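S.K.: The structure follows.
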Number of protein chains: 2
Amino acid sequence: MNTRKKVSIAVVKRLPRYYRYLYNLLKENVTRISSKELSQNMGITASQIRQDLNCFGGFGQQGYGYNVHVLYNEIGNILGANKNYQAIIIGAGNMGRALANYRNFEKRGYEINGIFDVDMNVIGQKINGIVVMPIDKMDYFIKNNNTQIAILTVPHEYTKDVAERAATAGIKALWNFSAMDLQIPDVVVENVHLSDSLMVLGYRLKEATEENKFEETELK
Amino acid sequence: MNTRKKVSIAVVKRLPRYYRYLYNLLKENVTRISSKELSQNMGITASQIRQDLNCFGGFGQQGYGYNVHVLYNEIGNILGANKNYQAIIIGAGNMGRALANYRNFEKRGYEINGIFDVDMNVIGQKINGIVVMPIDKMDYFIKNNNTQIAILTVPHEYTKDVAERAATAGIKALWNFSAMDLQIPDVVVENVHLSDSLMVLGYRLKEATEENKFEETELK
């Protein structure tokens with residue numbers, strides 16, 4: 001059943017958006033949708049949508065469109081949303097707490113089953129029902145709980161050490177919020193840089209402001 | 001001085017990465033770099049890099065490469081990092097606090113000068129030196145402080161109302177963390193969906209696991 005098809009990362013990065021959008025359609029009891037409607041609502045061209053979804057064998061039918069439920073499940077399968085990945089959070093600061101309280105992860109097939117910190121004032125506290133454990137217990141926990149993913153929200157000076165330790169204990173993927181790019185052999189890493197998104201916002205704000213100025217000048 | 005050149009959003013989205021990378025080179029006193037070196041270190045093809053940077057007039061010289069300082073400043077100008085945008089955070093929960101404490105924003109040209117909440121237990125507290133104010137003061141604050149950006153970290157049921165109120169008060173851009181896509185006329189919006197990045201991680205983890213399985217089967 002393994003088709004071993006390689007999909008470009010650009011397409012993969014759009015899939016969670018489709019997945020979210022289709023989820024909302026399902027909640028509204030929409031059963032089918034055309035690529036044209038998807039396009040209008042998502043701001044992606046219809047041809048891009050058809051191209052993206054064709055990468056996975058194309059679930060649409062001429063004149064009918066896409067079956068929302070089928071498409072939602074297929075994209076979920078592609079993304080591994082049915083894998084029920086187990087994750088831990090390392091670092092129970094504000095970002096760690098925010099992520100622990102984020103209700104969307106379970107909906108996407110991710111379960112957070114452990115939180116670790118070094119701060120004695122934080123260890124023992126409950127965050128979203130999970131007791132914060134001392135980091136000394138982390139290696140044992142990873143080995144015994146089939147934990148695949150570690151979410152890193154530690155200060156950046158500790159990131160590399162903590163990441164390597166988690167990898168040695170058996171972690172297969174790191175979701176890294178520490179503003180320091182990581183590379184660990186044989187471990188999948190997604191480095192999150194929140195400020196990148198802020199800078200894109202700034203660019204668009206600058207463009208919008210300049211357009212307004214330009215239009216005002218034109219009118220004079 | 002306004003060249004009014006439109007740059008594709010795909011290119012714009014890569015610029016913060018260049019910007020971060022060049023910043024680190026500057027810190028290490030690297031003064032020039034070739035597109036080949038940039039390529040090796042950033043995992044982007046050299047031709048992609050040349051193409052990206054050509055969009056802005058191409059600052060590289062044949063046989064010399066790029067002047068790191070010039071390129072860093074140019075990309076900063078393009079992104080508006082020199083605009084000194086003023087931002088407020090609406091919602092002083094864990095995510096709001098995490099963002100208020102994030103030291104990288106100022107480095108990128110963004111200043112957070114106000115934090116607002118409705119919770120009487122939180123109002124008056126200081127976060128990273130900024131006193132949390134009651135949301136009733138927000139409109140006045142925006143008008144009187146030349147605030148262009150609002151960072152939204154309120155529960156999603158309040159997002160739309162709060163966003164519209166901020167826009168009416170004069171906010172020009174919204175950086176929205178509330179897991180609910182917003183569209184506000186004449187306001188630039190970047191909707192942040194953290195779980196999208198987690199799902200890309202999950203996809204890559206699934207691919208890596210299947211590759212391993214595949215290789216193991218091959219070896220048998």
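Identifiers for the structure tokens are assigned positionally: chains receive A, B, ... in sequence, residues are indexed from 1 per chain, and ligands are indexed from 1 in the order shown.
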Show which residues sit within 8 Å of Gly114 in chain B, as a list in words. Count only C-alpha atoms, and ignore same-chain residues fewer than 6 positions away.
M.R.: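 Returned residues: Ala87, Ile88, Ile89, Ile130, Val131, Val132 and Met133 of chain B.
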S.K.: Could you write out as a list in words the residues of chain A within 7 Å of chain B, counting only C-alpha atoms?
M.R.: Val12, Lys13, Pro16, Leu79, Gly80, Asn94, Met95, Arg97, Ala98, Phe105, Ala173, Val188, Glu190, Ser195, Asp196, Met199, Val200, Leu201, Gly202, Tyr203, Arg204, Leu205 and Lys206 of chain A
S.K.: Convert the current residue selection to file output with N, CA, C and O atoms, as a compact mmCIF listing (two decimals), in the first residue's frame.
M.R.:
# COMPACT_ATOMS: atom_id res chain seq x y z
N VAL A 12 2.96 20.17 0.11
CA VAL A 12 2.71 19.67 1.47
C VAL A 12 2.34 20.83 2.40
O VAL A 12 1.45 20.73 3.22
N LYS A 13 3.03 21.96 2.21
CA LYS A 13 2.77 23.10 3.09
C LYS A 13 1.39 23.70 2.89
O LYS A 13 0.88 24.38 3.77
N PRO A 16 -2.22 21.47 5.02
CA PRO A 16 -2.93 21.76 6.26
C PRO A 16 -4.03 22.81 6.09
O PRO A 16 -5.04 22.74 6.78
N LEU A 79 -1.20 13.49 5.41
CA LEU A 79 -0.47 14.26 6.42
C LEU A 79 -0.10 13.42 7.64
O LEU A 79 0.69 13.84 8.48
N GLY A 80 -0.69 12.25 7.75
CA GLY A 80 -0.42 11.41 8.91
C GLY A 80 -1.27 11.78 10.12
O GLY A 80 -0.90 11.48 11.25
N ASN A 94 5.92 30.43 28.99
CA ASN A 94 4.69 30.91 28.36
C ASN A 94 4.38 30.20 27.06
O ASN A 94 3.24 29.82 26.81
N MET A 95 5.39 30.02 26.21
CA MET A 95 5.13 29.38 24.94
C MET A 95 4.74 27.92 25.14
O MET A 95 3.79 27.44 24.52
N ARG A 97 3.30 26.62 27.72
CA ARG A 97 1.94 26.61 28.27
C ARG A 97 0.90 26.90 27.20
O ARG A 97 -0.16 26.28 27.14
N ALA A 98 1.21 27.89 26.36
CA ALA A 98 0.28 28.24 25.29
C ALA A 98 0.04 27.02 24.40
O ALA A 98 -1.09 26.69 24.06
N PHE A 105 -4.49 20.68 18.51
CA PHE A 105 -3.55 19.61 18.19
C PHE A 105 -4.22 18.24 18.20
O PHE A 105 -3.99 17.43 17.32
N ALA A 173 11.22 13.40 15.88
CA ALA A 173 10.90 14.69 15.24
C ALA A 173 10.91 15.79 16.29
O ALA A 173 10.46 15.59 17.42
N VAL A 188 13.71 14.52 12.16
CA VAL A 188 13.01 15.51 11.35
C VAL A 188 12.84 16.76 12.21
O VAL A 188 12.39 16.67 13.35
N GLU A 190 11.34 20.78 12.37
CA GLU A 190 10.68 21.98 11.85
C GLU A 190 11.04 23.12 12.78
O GLU A 190 10.68 23.11 13.97
N SER A 195 8.80 35.36 14.01
CA SER A 195 9.03 36.70 13.48
C SER A 195 9.03 36.72 11.95
O SER A 195 8.79 37.77 11.35
N ASP A 196 9.24 35.57 11.30
CA ASP A 196 9.16 35.54 9.84
C ASP A 196 7.77 35.97 9.38
O ASP A 196 7.64 36.75 8.43
N MET A 199 7.30 39.62 9.77
CA MET A 199 7.98 40.40 8.75
C MET A 199 7.21 40.40 7.43
O MET A 199 7.21 41.39 6.69
N VAL A 200 6.55 39.28 7.13
CA VAL A 200 5.70 39.24 5.94
C VAL A 200 4.53 40.22 6.12
O VAL A 200 4.17 40.97 5.20
N LEU A 201 3.99 40.24 7.32
CA LEU A 201 2.92 41.21 7.63
C LEU A 201 3.44 42.63 7.42
O LEU A 201 2.77 43.47 6.81
N GLY A 202 4.64 42.90 7.93
CA GLY A 202 5.23 44.23 7.79
C GLY A 202 5.43 44.62 6.33
O GLY A 202 5.16 45.75 5.93
N TYR A 203 5.88 43.65 5.52
CA TYR A 203 6.05 43.90 4.10
C TYR A 203 4.72 44.29 3.45
O TYR A 203 4.62 45.27 2.73
N ARG A 204 3.69 43.50 3.77
CA ARG A 204 2.37 43.77 3.16
C ARG A 204 1.80 45.10 3.65
O ARG A 204 1.16 45.82 2.89
N LEU A 205 2.06 45.43 4.90
CA LEU A 205 1.62 46.72 5.44
C LEU A 205 2.31 47.87 4.71
O LEU A 205 1.70 48.86 4.32
N LYS A 206 3.61 47.71 4.52
CA LYS A 206 4.39 48.72 3.82
C LYS A 206 3.86 48.90 2.39
O LYS A 206 3.66 50.01 1.92
S.K.: What does the structure give for the distance between CA of Val122 in chain A and CA of Ile135 in chain A, in Å to one decimal?
M.R.: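 These two atoms are separated by 11.4 Å.
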S.K.: When DSSP is applied to the backbone of this structure, which of range 146-207 of chain B are assigned strand (DSSP E)? Write them out as a PDB file with N, CA, C and O atoms, in the first residue's frame.
M.R.:
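That gives us part31.pdb:
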ATOM      1  N   ILE B 149      -0.003  48.080  14.192  1.00  0.00           N
ATOM      2  CA  ILE B 149      -0.195  46.625  14.196  1.00  0.00           C
ATOM      3  C   ILE B 149      -0.829  46.158  15.506  1.00  0.00           C
ATOM      4  O   ILE B 149      -0.409  46.598  16.583  1.00  0.00           O
ATOM      5  N   ALA B 150      -1.828  45.292  15.410  1.00  0.00           N
ATOM      6  CA  ALA B 150      -2.362  44.633  16.606  1.00  0.00           C
ATOM      7  C   ALA B 150      -2.101  43.136  16.499  1.00  0.00           C
ATOM      8  O   ALA B 150      -2.346  42.522  15.455  1.00  0.00           O
ATOM      9  N   ILE B 151      -1.574  42.598  17.581  1.00  0.00           N
ATOM     10  CA  ILE B 151      -1.306  41.159  17.656  1.00  0.00           C
ATOM     11  C   ILE B 151      -2.442  40.546  18.465  1.00  0.00           C
ATOM     12  O   ILE B 151      -2.647  40.895  19.628  1.00  0.00           O
ATOM     13  N   LEU B 152      -3.203  39.674  17.833  1.00  0.00           N
ATOM     14  CA  LEU B 152      -4.422  39.148  18.459  1.00  0.00           C
ATOM     15  C   LEU B 152      -4.180  37.783  19.067  1.00  0.00           C
ATOM     16  O   LEU B 152      -3.919  36.816  18.354  1.00  0.00           O
ATOM     17  N   ALA B 173      -2.882  46.704  10.446  1.00  0.00           N
ATOM     18  CA  ALA B 173      -2.459  45.325  10.203  1.00  0.00           C
ATOM     19  C   ALA B 173      -2.734  44.468  11.435  1.00  0.00           C
ATOM     20  O   ALA B 173      -2.543  44.923  12.569  1.00  0.00           O
ATOM     21  N   LEU B 174      -3.179  43.247  11.191  1.00  0.00           N
ATOM     22  CA  LEU B 174      -3.487  42.327  12.290  1.00  0.00           C
ATOM     23  C   LEU B 174      -2.651  41.064  12.147  1.00  0.00           C
ATOM     24  O   LEU B 174      -2.624  40.444  11.082  1.00  0.00           O
ATOM     25  N   TRP B 175      -1.998  40.702  13.230  1.00  0.00           N
ATOM     26  CA  TRP B 175      -1.264  39.443  13.271  1.00  0.00           C
ATOM     27  C   TRP B 175      -2.082  38.545  14.194  1.00  0.00           C
ATOM     28  O   TRP B 175      -2.117  38.749  15.409  1.00  0.00           O
ATOM     29  N   ASN B 176      -2.763  37.602  13.586  1.00  0.00           N
ATOM     30  CA  ASN B 176      -3.844  36.902  14.268  1.00  0.00           C
ATOM     31  C   ASN B 176      -3.469  35.468  14.666  1.00  0.00           C
ATOM     32  O   ASN B 176      -3.271  34.624  13.804  1.00  0.00           O
ATOM     33  N   VAL B 188      -4.500  44.724   6.593  1.00  0.00           N
ATOM     34  CA  VAL B 188      -3.646  43.596   6.219  1.00  0.00           C
ATOM     35  C   VAL B 188      -3.706  42.564   7.341  1.00  0.00           C
ATOM     36  O   VAL B 188      -3.520  42.925   8.504  1.00  0.00           O
ATOM     37  N   VAL B 189      -3.984  41.326   7.005  1.00  0.00           N
ATOM     38  CA  VAL B 189      -4.101  40.290   8.041  1.00  0.00           C
ATOM     39  C   VAL B 189      -3.155  39.135   7.738  1.00  0.00           C
ATOM     40  O   VAL B 189      -3.118  38.644   6.608  1.00  0.00           O
ATOM     41  N   GLU B 190      -2.380  38.731   8.716  1.00  0.00           N
ATOM     42  CA  GLU B 190      -1.655  37.459   8.638  1.00  0.00           C
ATOM     43  C   GLU B 190      -2.240  36.540   9.703  1.00  0.00           C
ATOM     44  O   GLU B 190      -2.162  36.826  10.902  1.00  0.00           O
ATOM     45  N   ASN B 191      -2.879  35.474   9.242  1.00  0.00           N
ATOM     46  CA  ASN B 191      -3.439  34.492  10.169  1.00  0.00           C
ATOM     47  C   ASN B 191      -2.390  33.428  10.455  1.00  0.00           C
ATOM     48  O   ASN B 191      -1.898  32.787   9.534  1.00  0.00           O
TER      49      ASN B 191
END
S.K.: Name all residues at most 12 Å from Ser39 in chain A (count only C-alpha atoms; drop same-chain ones fewer than 3 positions away) and give them as a PyMOL selection string.
M.R.: chain A and resi 18+21+33-36+42-50+52
S.K.: Can you tell me, as a compact mmCIF listing (two decimals) with N, CA and C atoms, in the first residue's frame, what residues are no more than 7 Å from His69 in chain B when counting only C-alpha atoms, ignoring any on the same chain fewer than 4 positions away?
M.R.:
# COMPACT_ATOMS: atom_id res chain seq x y z
N LEU B 26 26.65 38.59 9.67
CA LEU B 26 27.18 39.88 10.13
C LEU B 26 27.77 39.75 11.52
N THR B 31 31.88 39.28 5.56
CA THR B 31 31.54 40.49 4.79
C THR B 31 30.99 40.19 3.40
N ASN B 73 20.88 45.04 4.57
CA ASN B 73 20.14 46.30 4.65
C ASN B 73 19.06 46.40 3.57
S.K.: Could you check which of B:Gln51, B:Gln125, B:Gln183, B:Asn113 is closest to Ser8 in chain B, using only C-alpha atoms?
M.R.: B:Gln51
S.K.: Please measure the separation of CA of Glu37 in chain B and CA of Val68 in chain B, giving the value in Å to one decimal.
M.R.: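 Atom-to-atom, CA of Glu37 in chain B to CA of Val68 in chain B, that is 12.0 Å.
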S.K.: Pick the closest to Asn144 in chain A from A:Gly170, A:Asn41, A:Ile75, A:Lys213: which is it, counting only C-alpha atoms?
M.R.: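 Residue with the minimum atom-to-atom distance to Asn144 in chain A: A:Gly170.
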S.K.: Rounded to one decimal in Å, what is the spacing between CA of Asp161 in chain A and CA of Ile90 in chain A?
M.R.: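 Answer for the CA of Asp161 in chain A to CA of Ile90 in chain A separation: 11.9 Å.
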S.K.: Applying 10 Å and only C-alpha atoms, which residues near Glu164 in chain B remain after dropping the ones on its own chain fewer than 2 positions away? List them as a PDB file with C-alpha atoms, in the first residue's frame.
M.R.:
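result-v6.pdb, written as the output of this step:
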ATOM      1  CA  THR B 159     -11.485  37.563  17.749  1.00  0.00           C
ATOM      2  CA  LYS B 160     -13.784  39.114  15.155  1.00  0.00           C
ATOM      3  CA  ASP B 161     -15.229  41.763  17.499  1.00  0.00           C
ATOM      4  CA  VAL B 162     -11.847  42.746  18.883  1.00  0.00           C
ATOM      5  CA  ALA B 166      -9.028  47.709  16.611  1.00  0.00           C
ATOM      6  CA  ALA B 167      -9.502  48.417  12.898  1.00  0.00           C
ATOM      7  CA  THR B 168     -12.065  51.125  13.611  1.00  0.00           C
ATOM      8  CA  ALA B 169      -9.605  52.730  16.033  1.00  0.00           C
ATOM      9  CA  GLY B 170      -7.018  52.904  13.248  1.00  0.00           C
ATOM     10  CA  ILE B 171      -5.052  49.634  13.225  1.00  0.00           C
ATOM     11  CA  LEU B 182      -9.999  36.856   9.724  1.00  0.00           C
ATOM     12  CA  GLN B 183     -10.760  39.165   6.851  1.00  0.00           C
ATOM     13  CA  ILE B 184     -11.176  42.857   7.623  1.00  0.00           C
ATOM     14  CA  PRO B 185     -11.601  45.379   4.789  1.00  0.00           C
ATOM     15  CA  VAL B 187      -6.595  45.874   6.960  1.00  0.00           C
TER      16      VAL B 187
END
